[in-house]
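File shown: coords35.txt. Contents: compact mmCIF, N, CA and C atoms.
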```
# COMPACT_ATOMS: atom_id res chain seq x y z
N GLY A 79 -14.00 4.76 -2.84
CA GLY A 79 -13.53 6.09 -3.15
C GLY A 79 -14.22 7.15 -2.34
N ALA A 80 -13.92 8.37 -2.60
CA ALA A 80 -14.47 9.50 -1.85
C ALA A 80 -15.99 9.51 -1.98
N GLY A 81 -16.65 9.68 -0.85
CA GLY A 81 -18.10 9.79 -0.86
C GLY A 81 -18.83 8.47 -0.85
N ASN A 82 -18.10 7.37 -0.90
CA ASN A 82 -18.74 6.06 -0.94
C ASN A 82 -18.79 5.39 0.41
N GLY A 83 -18.45 6.12 1.48
CA GLY A 83 -18.49 5.54 2.80
C GLY A 83 -17.18 4.88 3.17
N LYS A 84 -17.26 4.05 4.20
CA LYS A 84 -16.07 3.43 4.78
C LYS A 84 -15.64 2.20 3.98
N ASN A 85 -14.38 2.19 3.55
CA ASN A 85 -13.81 1.03 2.87
C ASN A 85 -12.57 0.61 3.63
N GLU A 86 -12.36 -0.71 3.79
CA GLU A 86 -11.20 -1.20 4.53
C GLU A 86 -10.50 -2.30 3.74
N LEU A 87 -9.17 -2.20 3.67
CA LEU A 87 -8.30 -3.27 3.18
C LEU A 87 -7.39 -3.59 4.35
N LEU A 88 -7.63 -4.71 5.01
CA LEU A 88 -6.92 -5.00 6.24
C LEU A 88 -5.98 -6.18 6.07
N ASN A 89 -4.82 -6.08 6.72
CA ASN A 89 -3.84 -7.16 6.77
C ASN A 89 -3.38 -7.62 5.39
N LEU A 90 -3.11 -6.65 4.50
CA LEU A 90 -2.58 -7.00 3.18
C LEU A 90 -1.20 -7.62 3.33
N THR A 91 -1.00 -8.78 2.74
CA THR A 91 0.29 -9.44 2.77
C THR A 91 1.04 -9.13 1.47
N LEU A 92 2.30 -9.49 1.44
CA LEU A 92 3.07 -9.33 0.21
C LEU A 92 2.40 -10.09 -0.94
N GLU A 93 1.92 -11.29 -0.68
CA GLU A 93 1.27 -12.10 -1.72
C GLU A 93 0.02 -11.40 -2.25
N ASP A 94 -0.76 -10.76 -1.33
CA ASP A 94 -1.95 -10.02 -1.77
C ASP A 94 -1.55 -8.93 -2.76
N VAL A 95 -0.53 -8.17 -2.42
CA VAL A 95 -0.11 -7.05 -3.27
C VAL A 95 0.44 -7.57 -4.59
N LEU A 96 1.19 -8.67 -4.56
CA LEU A 96 1.72 -9.25 -5.80
C LEU A 96 0.59 -9.68 -6.73
N SER A 97 -0.52 -10.15 -6.16
CA SER A 97 -1.61 -10.65 -7.00
C SER A 97 -2.50 -9.53 -7.54
N ILE A 98 -2.57 -8.38 -6.85
CA ILE A 98 -3.46 -7.32 -7.32
C ILE A 98 -2.71 -6.12 -7.90
N GLY A 99 -1.40 -6.06 -7.69
CA GLY A 99 -0.61 -4.94 -8.20
C GLY A 99 -0.41 -5.05 -9.70
N THR A 100 0.12 -3.97 -10.28
CA THR A 100 0.39 -3.91 -11.72
C THR A 100 1.90 -3.87 -11.93
N LYS A 101 2.39 -4.74 -12.83
CA LYS A 101 3.82 -4.76 -13.12
C LYS A 101 4.12 -3.75 -14.22
N ASP A 102 5.14 -2.91 -13.97
CA ASP A 102 5.51 -1.92 -14.99
C ASP A 102 6.57 -2.49 -15.92
N VAL A 103 7.03 -1.67 -16.87
CA VAL A 103 7.98 -2.15 -17.89
C VAL A 103 9.32 -2.56 -17.29
N LYS A 104 9.65 -2.07 -16.10
CA LYS A 104 10.90 -2.43 -15.44
C LYS A 104 10.74 -3.67 -14.55
N GLY A 105 9.53 -4.24 -14.50
CA GLY A 105 9.29 -5.41 -13.68
C GLY A 105 8.92 -5.12 -12.25
N ASN A 106 8.73 -3.83 -11.93
CA ASN A 106 8.33 -3.46 -10.57
C ASN A 106 6.82 -3.61 -10.40
N ILE A 107 6.40 -4.00 -9.21
CA ILE A 107 4.99 -4.16 -8.89
C ILE A 107 4.51 -2.89 -8.21
N ASN A 108 3.50 -2.24 -8.79
CA ASN A 108 2.97 -1.00 -8.25
C ASN A 108 1.49 -1.15 -7.93
N LEU A 109 1.11 -0.59 -6.79
CA LEU A 109 -0.29 -0.56 -6.40
C LEU A 109 -0.58 0.80 -5.80
N THR A 110 -1.62 1.46 -6.29
CA THR A 110 -2.03 2.76 -5.76
C THR A 110 -3.41 2.59 -5.13
N ILE A 111 -3.53 3.03 -3.87
CA ILE A 111 -4.79 2.92 -3.15
C ILE A 111 -5.30 4.33 -2.87
N LEU A 112 -6.47 4.64 -3.44
CA LEU A 112 -7.08 5.95 -3.29
C LEU A 112 -8.20 5.89 -2.27
N GLY A 113 -8.42 6.99 -1.55
CA GLY A 113 -9.53 7.02 -0.61
C GLY A 113 -9.50 8.28 0.21
N ASP A 114 -10.28 8.26 1.31
CA ASP A 114 -10.37 9.43 2.18
C ASP A 114 -10.27 8.98 3.64
N SER A 115 -10.55 9.92 4.55
CA SER A 115 -10.35 9.64 5.97
C SER A 115 -11.31 8.61 6.53
N ASP A 116 -12.37 8.25 5.79
CA ASP A 116 -13.28 7.19 6.23
C ASP A 116 -12.68 5.80 5.95
N ASP A 117 -11.64 5.74 5.14
CA ASP A 117 -11.08 4.47 4.68
C ASP A 117 -9.87 4.05 5.53
N LYS A 118 -9.58 2.73 5.50
CA LYS A 118 -8.47 2.20 6.30
C LYS A 118 -7.74 1.12 5.51
N VAL A 119 -6.41 1.15 5.59
CA VAL A 119 -5.56 0.14 4.97
C VAL A 119 -4.52 -0.29 6.00
N THR A 120 -4.36 -1.61 6.16
CA THR A 120 -3.25 -2.09 6.99
C THR A 120 -2.49 -3.17 6.23
N PHE A 121 -1.19 -3.22 6.50
CA PHE A 121 -0.30 -4.20 5.89
C PHE A 121 0.16 -5.17 6.97
N LYS A 122 0.20 -6.46 6.64
CA LYS A 122 0.56 -7.48 7.61
C LYS A 122 2.00 -7.94 7.40
N ASN A 123 2.82 -7.81 8.45
CA ASN A 123 4.18 -8.33 8.42
C ASN A 123 4.15 -9.84 8.56
N GLU A 124 5.03 -10.50 7.83
CA GLU A 124 5.21 -11.95 7.93
C GLU A 124 6.71 -12.20 8.07
N THR A 125 7.08 -13.39 8.50
CA THR A 125 8.49 -13.72 8.68
C THR A 125 9.26 -13.48 7.38
N GLY A 126 10.27 -12.60 7.45
CA GLY A 126 11.09 -12.30 6.28
C GLY A 126 10.43 -11.39 5.26
N LYS A 127 9.21 -10.95 5.56
CA LYS A 127 8.46 -10.11 4.63
C LYS A 127 7.85 -8.96 5.42
N ASN A 128 8.68 -7.98 5.75
CA ASN A 128 8.24 -6.88 6.60
C ASN A 128 7.99 -5.61 5.79
N TRP A 129 6.86 -4.96 6.10
CA TRP A 129 6.49 -3.70 5.46
C TRP A 129 7.15 -2.53 6.17
N SER A 130 7.43 -1.48 5.44
CA SER A 130 7.87 -0.24 6.04
C SER A 130 7.43 0.92 5.16
N THR A 131 7.34 2.08 5.78
CA THR A 131 7.05 3.29 5.04
C THR A 131 8.03 4.36 5.52
N SER A 132 8.68 5.00 4.58
CA SER A 132 9.68 5.99 4.98
C SER A 132 9.64 7.23 4.11
N SER A 133 8.75 7.24 3.14
CA SER A 133 8.73 8.41 2.26
C SER A 133 7.31 8.66 1.76
N THR A 134 7.15 9.84 1.17
CA THR A 134 5.88 10.20 0.54
C THR A 134 6.18 10.70 -0.86
N ILE A 135 5.15 10.74 -1.69
CA ILE A 135 5.27 11.25 -3.05
C ILE A 135 4.03 12.07 -3.37
N LEU A 136 4.21 13.13 -4.14
CA LEU A 136 3.10 13.96 -4.59
C LEU A 136 2.83 13.64 -6.05
N GLU A 137 1.59 13.22 -6.33
CA GLU A 137 1.19 12.90 -7.71
C GLU A 137 -0.20 13.44 -7.95
N GLY A 138 -0.37 14.18 -9.01
CA GLY A 138 -1.69 14.68 -9.37
C GLY A 138 -2.37 15.48 -8.28
N GLY A 139 -1.59 16.20 -7.49
CA GLY A 139 -2.14 17.01 -6.43
C GLY A 139 -2.50 16.25 -5.17
N LYS A 140 -2.19 14.95 -5.13
CA LYS A 140 -2.46 14.13 -3.95
C LYS A 140 -1.14 13.62 -3.37
N THR A 141 -1.08 13.53 -2.04
CA THR A 141 0.11 13.02 -1.38
C THR A 141 -0.13 11.57 -0.97
N PHE A 142 0.87 10.72 -1.23
CA PHE A 142 0.78 9.30 -0.93
C PHE A 142 1.91 8.87 0.00
N ASP A 143 1.59 7.98 0.95
CA ASP A 143 2.62 7.28 1.73
C ASP A 143 3.11 6.12 0.87
N ILE A 144 4.42 5.89 0.84
CA ILE A 144 5.01 4.81 0.05
C ILE A 144 5.37 3.65 0.98
N TYR A 145 4.84 2.47 0.69
CA TYR A 145 5.16 1.25 1.45
C TYR A 145 6.01 0.32 0.60
N THR A 146 7.02 -0.27 1.23
CA THR A 146 7.85 -1.28 0.57
C THR A 146 7.91 -2.51 1.47
N ASN A 147 8.38 -3.64 0.91
CA ASN A 147 8.44 -4.89 1.65
C ASN A 147 9.80 -5.54 1.48
N THR A 148 10.37 -6.04 2.60
CA THR A 148 11.69 -6.65 2.54
C THR A 148 11.70 -7.96 1.77
N GLY A 149 10.53 -8.57 1.57
CA GLY A 149 10.47 -9.85 0.86
C GLY A 149 10.56 -9.72 -0.64
N ASP A 150 10.35 -8.51 -1.18
CA ASP A 150 10.41 -8.30 -2.63
C ASP A 150 10.65 -6.81 -2.89
N SER A 151 11.87 -6.48 -3.28
CA SER A 151 12.24 -5.07 -3.45
C SER A 151 11.56 -4.43 -4.65
N SER A 152 10.89 -5.21 -5.50
CA SER A 152 10.23 -4.64 -6.67
C SER A 152 8.84 -4.08 -6.34
N VAL A 153 8.38 -4.30 -5.11
CA VAL A 153 7.02 -3.90 -4.72
C VAL A 153 7.00 -2.49 -4.13
N LYS A 154 6.06 -1.68 -4.63
CA LYS A 154 5.83 -0.34 -4.07
C LYS A 154 4.33 -0.10 -4.03
N VAL A 155 3.83 0.23 -2.83
CA VAL A 155 2.41 0.53 -2.66
C VAL A 155 2.27 1.99 -2.25
N LYS A 156 1.43 2.70 -2.98
CA LYS A 156 1.16 4.10 -2.66
C LYS A 156 -0.23 4.19 -2.04
N VAL A 157 -0.30 4.76 -0.82
CA VAL A 157 -1.57 4.91 -0.11
C VAL A 157 -1.84 6.40 0.07
N GLU A 158 -2.98 6.85 -0.44
CA GLU A 158 -3.32 8.27 -0.32
C GLU A 158 -3.34 8.67 1.15
N GLN A 159 -2.73 9.82 1.46
CA GLN A 159 -2.51 10.20 2.86
C GLN A 159 -3.77 10.40 3.68
N ALA A 160 -4.86 10.71 3.07
CA ALA A 160 -6.10 10.90 3.85
C ALA A 160 -6.55 9.59 4.51
N ILE A 161 -6.14 8.46 3.94
CA ILE A 161 -6.52 7.14 4.43
C ILE A 161 -5.78 6.83 5.73
N THR A 162 -6.49 6.24 6.68
CA THR A 162 -5.84 5.73 7.89
C THR A 162 -5.06 4.49 7.50
N ASP A 163 -3.74 4.49 7.71
CA ASP A 163 -2.93 3.36 7.28
C ASP A 163 -1.91 2.97 8.34
N GLY A 164 -1.44 1.73 8.24
CA GLY A 164 -0.46 1.26 9.21
C GLY A 164 -0.04 -0.17 8.93
N ILE A 165 0.77 -0.69 9.84
CA ILE A 165 1.35 -2.03 9.70
C ILE A 165 0.99 -2.85 10.92
N THR A 166 0.54 -4.09 10.68
CA THR A 166 0.24 -5.01 11.78
C THR A 166 1.22 -6.18 11.72
N SER A 167 1.42 -6.81 12.88
CA SER A 167 2.35 -7.95 12.88
C SER A 167 1.62 -9.23 13.20
```
Could you express the structure from this file as structure tokens?
Amino acid sequence: GAGNGKNELLNLTLEDVLSIGTKDVKGNINLTILGDSDDKVTFKNETGKNWSTSSTILEGGKTFDIYTNTGDSSVKVKVEQAITDGITS
């Protein structure tokens, strides 16, 4: 979190997110990643399981990039915008 130095979550796969995300009442998998500009998150594309980001959302005064995966439409990952984020193949 903020003030704790550099934290990295690298090459997150769909399986990683499915195992650490939280399922809501509709069966969707949600994961929220908080941090600051010292932190880094990357998502790893796999065959038939490609990440994309096309939108943002404002929650609690913070802006998040929204990531989805073609391998499971129920997955949504929110990454706080201050975090360096991207997709690797």
The residue from A:Val153, A:Ile135, A:Ile165, A:Ala160 with the smallest atom-to-atom distance to Asp94 of chain A, counting only C-alpha atoms, is A:Val153
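Considering the residues A:Lys84, A:Thr141, A:Trp129, A:Leu90 and counting only C-alpha atoms, Ser115 of chain A has its shortest atom-to-atom contact with A:Lys84.
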Which residue out of A:Val95, A:Lys154, A:Glu86, A:Val119 has the minimum interatomic distance to Ile107 of chain A when all atoms listed in the file are used?
-> A:Lys154
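One distance worth recording is that between atom N of Asn85 of chain A and atom C of Gly126 of chain A, which is 28.3 Å.
Among the candidates A:Ser97, A:Thr166, A:Ser133, A:Asn128, the one nearest to Asp150 of chain A when counting only C-alpha atoms is A:Asn128.
The space between atom C of Ile144 of chain A and atom C of Ser132 of chain A spans 6.4 Å.
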